[in-house]
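Down below is the structure, laid out as structure tokens.
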Amino acid sequence: MAEKYVLVVEDDPFYSKIYKTKLAKENLNAQMASNGDVAIKIIKESGAPELILLDLVMPGKDGFETLKELKADAGTKDIPVIVLSNLSQEEDVKRVMDMGASEYLIKSNTSIQTVVDKIRKSLGV
Amino acid sequence: MNLRTKIFLLIGGVLVIFFSGVIFFTSYKLTKDFSSVEQADLHKNLDRATDALNEKISNLAIKLGDWAQWDDSYQFMIDHNESYVQSNLQETTFGILHINFVVLIDKDNTIVFKKFVKDGDEKSFPESFSGHLTEDFAEGDINLNAAHKEVVSLPEQLVIYVARPITSSDGLSPANGVIVFGYIFDATTIEELSQLTHLDITMVPFENRSGQIDGFEEVRNNLSVKEPHYVGTTQDSKIISGYILVSDATDEPIFIFRVDMPREVYQKGRDSIFLFTIFIVLAGIVFCGIIFYLLGYFVLNKISYLNNVIDEIRHDGTKDKSIVLPGSDEFSRLAGEMNRLLQEVNENEIKLKDQNKDLEQNKVATLNILEDVSVSERELHQKTLDLSKFQKIADASFDHIIITDVDGKILYANHSAENMTGYSHKEIIGANPSLWGKQMSQEFYVQLWQTIKTEKQSFTGEITNKHKNGDQFLVASRITPIVDENENIQFFVGIERDITEERRAQIQIMKHTTELEMANILIEKQKDRAESILGYLQSIGEGVLATDINGKIIFVNETAKVLIGGQSQEIDGKASKDIFQFIRKVDGRDSRVFMAEKVLKKKQTIAFPENVSLIQKDGTLLPVSGTISLIEDGNNEIIGTITVFQDATKRYELDELKDSFLSVAAHQLRTPLGSMRWSMEMLLSDDLGKLPKDAKEMVEQLYANSHRMVELVDDLLDISRIDKNRGKEEKIPTDVVSVLEDVIKTMRSEAKKRAIKIIFNHPKESVPALMVPPKHLYEALENLISNGIKYNREKGTLTITVEMTEKSLLLTFADTGIGIPKDDQTKIFSKFFRAQNAVLKETEGSGLGLSVVKSYLEESEATIRFESEENSGTTFFVNFPFTSTQS
């Protein structure tokens with residue numbers, strides 16, 4: 001049984017660095033994926049994560065497509081997905097929630113602590 | 001049916017019946033007679049046949065007698081000598097005697113000699129015969145005393161025999177046996193009999209041995225020993241048959257003779273009858289013919305002639321007609337009488353004709369007189385009618401009509417004359433028209449009389465008269481003299497019409513006409529003005545559509561026609577909502593919007609809602625924006641609507657662009673802001689090591705600034721959404737009081753910081769919930785309260801009041817703050833505007849707050865206004881009318 005981990009899907013290098021630094025500081029087990037394809041590969045290799053933090057605007061396979069794939073695959077459809085994006089259009093929120101995301105947070109309007117708390121809850125630590 | 005035919009039929013009928021009767025009876029009688037004759041004949045023949053048969057037998061008996069009483073025979077019986085046989089009983093003897101059998105039996109019934117010869121030759125003697133003879137002897141039929149004859153039916157043939165006792169020639173000796181002669185009764189015998197009797201005889205045995213039907217059954221039934229003769233019923237017209245029953249000695253029927261007799265008598269009879277019939281018929285015809293001819297000559301022709309003559313007379317008349325029937329019988333007498341009659345008729349006819357002529361003449365004369373009378377009567381009637389018509393007309397006329405005699409004395413005046421002049425009928429009749437006259441000049445009346453009396457012409461003109469009450473009145477008058485055939489004036493007829501009023505009216509009309517002309521000129525000017533306005537409307541770039549109060553199109557300009565995709569037929573007068581169809585997407589479906597109705601209801605100008613499209617002629621949707629207002633007349637009565645609209649495609653496109661731009665811009669702005677925020681959070685939480693105090697303060701400042709920027713971005717997005725009504729929230733029943741309470745709770749810390757006192761007054765009873773979007777309401781109220789705190793002086797108060805009236809819910813936010821300068825008050829709700837004193841007080845602020853508040857409140861159909869005095873305070877009044885917002 002692999003260790004519990006959180007999968008963070010984020011293409012921006014700076015955000016990525018922040019995630020990595022903060023989560024390391026908090027001693028939380030996280031894996032970083034720079035886009036949807038990488039994310040799916042990681043899941044295949046390391047097994048299903050406890051939680052996926054998903055960015056929407058990404059090159060290649062974007063967050064919407066990735067979410068769709070995750071929810072279509074029996075092995076991954078039950079993994080809770082929190083969408084973290086700076087898009088705020090009603091259509092985008094609705095679309096993502098209809099696809100089965102559990103929550104939608106606007107990055108610039110959410111403190112990093114909130115994110116850490118949510119991760120802790122899902123990992124049970 | 002005429003007489004001739006009748007007589008013909010009658011006579012013919014009678015004769016036919018008569019002769020038929022005669023023929024019938026005669027033939028019947030004759031036939032019967034002939035029949036009986038025939039029958040008698042037949043019976044006679046039958047007897048003859050029987051007799052012939054008997055005779056034959058008798059002859060045989062006689063012949064036998066000779067032999068019986070012969071000594072030779074006697075002797076033979078004693079000694080049975082051969083010579084007897086040799087000399088006497090040769091075959092030839094049989095032929096001579098016409099016998100077939102000779103049997104000699106002695107007294108002991110022993111056959112001492114028997115011989116059978118047939119056709120000249122001896123044949124073997126049939127045992128049946130000899131047996132029979134022996135039997136007969138035994139029975140005593142054959143005896144020594146008497147002769148016996150018998151017919152015997154043997155199996156082989158029929159035999160007739162005669163037996164006699166043999167005695168001596170002298171007859172003294174006792175019989176010494178019996179001698180029997182026999183002959184075969186066969187066809188030959190029959191033939192002999194037939195020849196003998198000249199009859200046609202056939203023989204059949206009585207017993208039908210063949211077993212087949214031989215046609216003799218009836219005969220058999222009818223023949224008996226008692227009745228040995230029978231004449232058959234026969235259909236044959238040529239032959240009649242009689243039957244004889246022949247029995248033997250024991251009365252046993254042996255055979256039947258049939259005697260056929262040609263029915264000569266019958267035939268002859270029939271022929272006679274036939275001839276007789278022919279004769280009778282011919283006689284009858286001849287008789288008929290003679291009678292007919294005689295009848296015709298003496299009677300029928302004469303009748304026919306009479307008939308024709310009378311017919312002729314009927315057709316041609318009695319003239320010169322006479323009936324000619326020579327003779328001295330009844331007919332000629334009749335003819336004579338008829339002639340005399342005809343003559344008399346002729347004479348009468350002539351007499352009548354003359355009388356008729358006279359009558360005709362009288363009739364014509366009378367008719368002429370009558371006609372004259374009738375014409376006169378009609379004329380009189382007509383005249384009377386005319387007269388009464390005239391009187392009626394005259395009486396009923398509104399015009400004054402009088403008739404005077406040649407001197408002017410009034411003979412007749414109608415009602416109008418009384419009314420017009422004021423004098424009664426009694427006063428007028430017999431008076432002179434000068435009764436109401438004498439108002440004109442002398443010359444006038446002179447001229448008048450000149451015209452009518454001297455010149456005998458009609459006078460036409462206007463005369464001023466005087467009413468009985470003294471008033472003058474003006475009349476149009478016509479006075480006509482009525483002359484007789486000698487040109488002498490009999491009467492004057494005067495007709496007058498009061499034209500006083502008329503005259504006055506004419507003057508008025510002329511005055512009015514002038515005024516009208518002036519008005520016309522004015523109208524023309526206005527028309528020109530209207531036309532130029534219309535011309536302007538036609539040419540502007542927006543579509544203009546005007547309807548009357550019932551929605552029927554009264555004006556539509558070129559642009560509107562273009563926008564609807566071209567309109568070829570007449571649309572004036574058509575219902576606007578049928579031609580100009582506006583739709584809007586509601587809940588994903590296109591639904592019609594009827595803005596004219598709305599504007600008429602609301603009685604104020606409304607702008608097209610967002611996302612309205614016009615259905616063009618070809619079905620495509622054209623995004624449009626515009627306004628629709630009421631048209632009022634001079635009395636402020638609503639007489640129609642006017643819609644001004646334009647193609648909003650570009651604008652929508654721009655909006656779309658703006659949207660996507662903003663969306664992207666927001667995203668792009670947020671991305672670095674977000675990462676900045678998080679990194680600063682990390683710094684502040686010592687995740688990257690403890691910061692020195694100054695550094696931490698600076699980072700805090702940076703953090704606050706970045707937070708402001710994030711808020712700014714949010715505000716920008718909100719505004720853009722509000723503009724497009726995109727951020728439209730669902731309206732749900734919301735309790736305003738509890739929302740206020742929530743806001744106040746949130747704001748308490750801020751208020752405490754600035755030492756501001758918040759006072760909240762609201763009614764004890766629960767206020768009705770308002771149909772508003774709760775989030776927007778919250779934000780609006782939050783903004784108002786926040787302003788009330790921010791722009792307040794130190795230790796100031798903010799009083800929030802909720803009041804309920806019948807028609808609305810009123811919220812007031814009264815602060816004791818810096819107030820709004822008079823010059824800035826009009827701009828206070830504008831986007832990004834901040835009054836100078838506000839900027840000084842609070843350096844931060846986007847200036848968007850109040851514009852957002854206003855938008856949100858208007859969204860909930862509430863109104864906002866304020867009262868403010870610089871350095872004193874500002875009070876905002878927010879009004880939620882119940883009719884539209886009450887749940």
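Labeling convention for the structure tokens: chains A, B, ... as they appear, residues from 1 per chain, ligands from 1 in order of appearance.
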Give me, as a ChimeraX atom specification, the contact residues of chain B against chain A at a cut-off of 6 Å, counting only C-alpha atoms. /B:667,670,674-675,678
Output file for the residues above (all heavy atoms, as a short mmCIF file (atom, residue, chain, number, x, y, z; two decimals), in the first residue's frame):
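Final output, result24.cif:
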data_model
loop_
_atom_site.label_atom_id
_atom_site.label_comp_id
_atom_site.auth_asym_id
_atom_site.auth_seq_id
_atom_site.Cartn_x
_atom_site.Cartn_y
_atom_site.Cartn_z
N HIS B 667 -8.07 37.25 -14.95
CA HIS B 667 -7.24 36.07 -14.70
C HIS B 667 -5.75 36.43 -14.65
O HIS B 667 -5.02 36.02 -13.75
CB HIS B 667 -7.51 35.02 -15.77
CG HIS B 667 -6.71 33.77 -15.59
ND1 HIS B 667 -5.51 33.57 -16.21
CD2 HIS B 667 -6.95 32.69 -14.83
CE1 HIS B 667 -5.03 32.38 -15.84
NE2 HIS B 667 -5.91 31.82 -15.00
N ARG B 670 -4.93 38.37 -11.59
CA ARG B 670 -5.02 37.58 -10.35
C ARG B 670 -3.83 36.66 -10.19
O ARG B 670 -3.43 36.38 -9.06
CB ARG B 670 -6.30 36.76 -10.35
CG ARG B 670 -7.53 37.55 -9.95
CD ARG B 670 -8.66 36.59 -9.69
NE ARG B 670 -9.89 37.28 -9.33
CZ ARG B 670 -11.02 37.15 -9.97
NH1 ARG B 670 -11.10 36.39 -11.04
NH2 ARG B 670 -12.09 37.81 -9.55
N GLY B 674 -2.06 36.43 -6.80
CA GLY B 674 -2.26 35.27 -5.95
C GLY B 674 -0.94 34.73 -5.43
O GLY B 674 -0.79 34.45 -4.23
N SER B 675 -0.03 34.59 -6.37
CA SER B 675 1.26 34.02 -5.93
C SER B 675 1.96 34.98 -4.99
O SER B 675 2.60 34.56 -4.01
CB SER B 675 2.12 33.69 -7.14
OG SER B 675 2.30 34.83 -7.96
N TRP B 678 0.31 34.51 -1.55
CA TRP B 678 0.73 33.30 -0.85
C TRP B 678 2.17 33.39 -0.38
O TRP B 678 2.50 32.97 0.74
CB TRP B 678 0.54 32.08 -1.76
CG TRP B 678 -0.88 31.64 -1.86
CD1 TRP B 678 -1.95 32.22 -1.27
CD2 TRP B 678 -1.36 30.55 -2.60
NE1 TRP B 678 -3.07 31.55 -1.59
CE2 TRP B 678 -2.75 30.51 -2.41
CE3 TRP B 678 -0.73 29.57 -3.39
CZ2 TRP B 678 -3.53 29.55 -3.00
CZ3 TRP B 678 -1.54 28.63 -3.96
CH2 TRP B 678 -2.92 28.61 -3.78
#
Can you pull out the residues contacting Leu54 in chain A? Cut-off 12 Å, using only C-alpha atoms, and skip same-chain residues under 3 positions away; I want them as a ChimeraX atom specification. /A:6-11,16,32-36,39-40,51,57-58,61-68,70,79-86,96,101-107
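Within the 12 Å cut-off around Met709 in chain B, using only C-alpha atoms and omitting residues fewer than 2 positions from it on the same chain, the listed residues are Ser108 and Asn109 of chain A; Ala666, Leu669, Arg670, Thr671, Pro672, Leu673, Gly674, Met676, Arg677, Leu702, Tyr703, Ala704, Asn705, Ser706, His707, Glu711, Leu712, Val713, Asp714, Asp715, Leu716, Glu844, Gly845 and Ser846 of chain B.
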Quick one: pull the distance between CA of Ile482 in chain B and CA of Glu455 in chain B, Å, one decimal.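 The value is 12.3 Å.
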By how many Å are CA of Pro49 in chain A and CA of Tyr5 in chain A apart? 5.2 Å
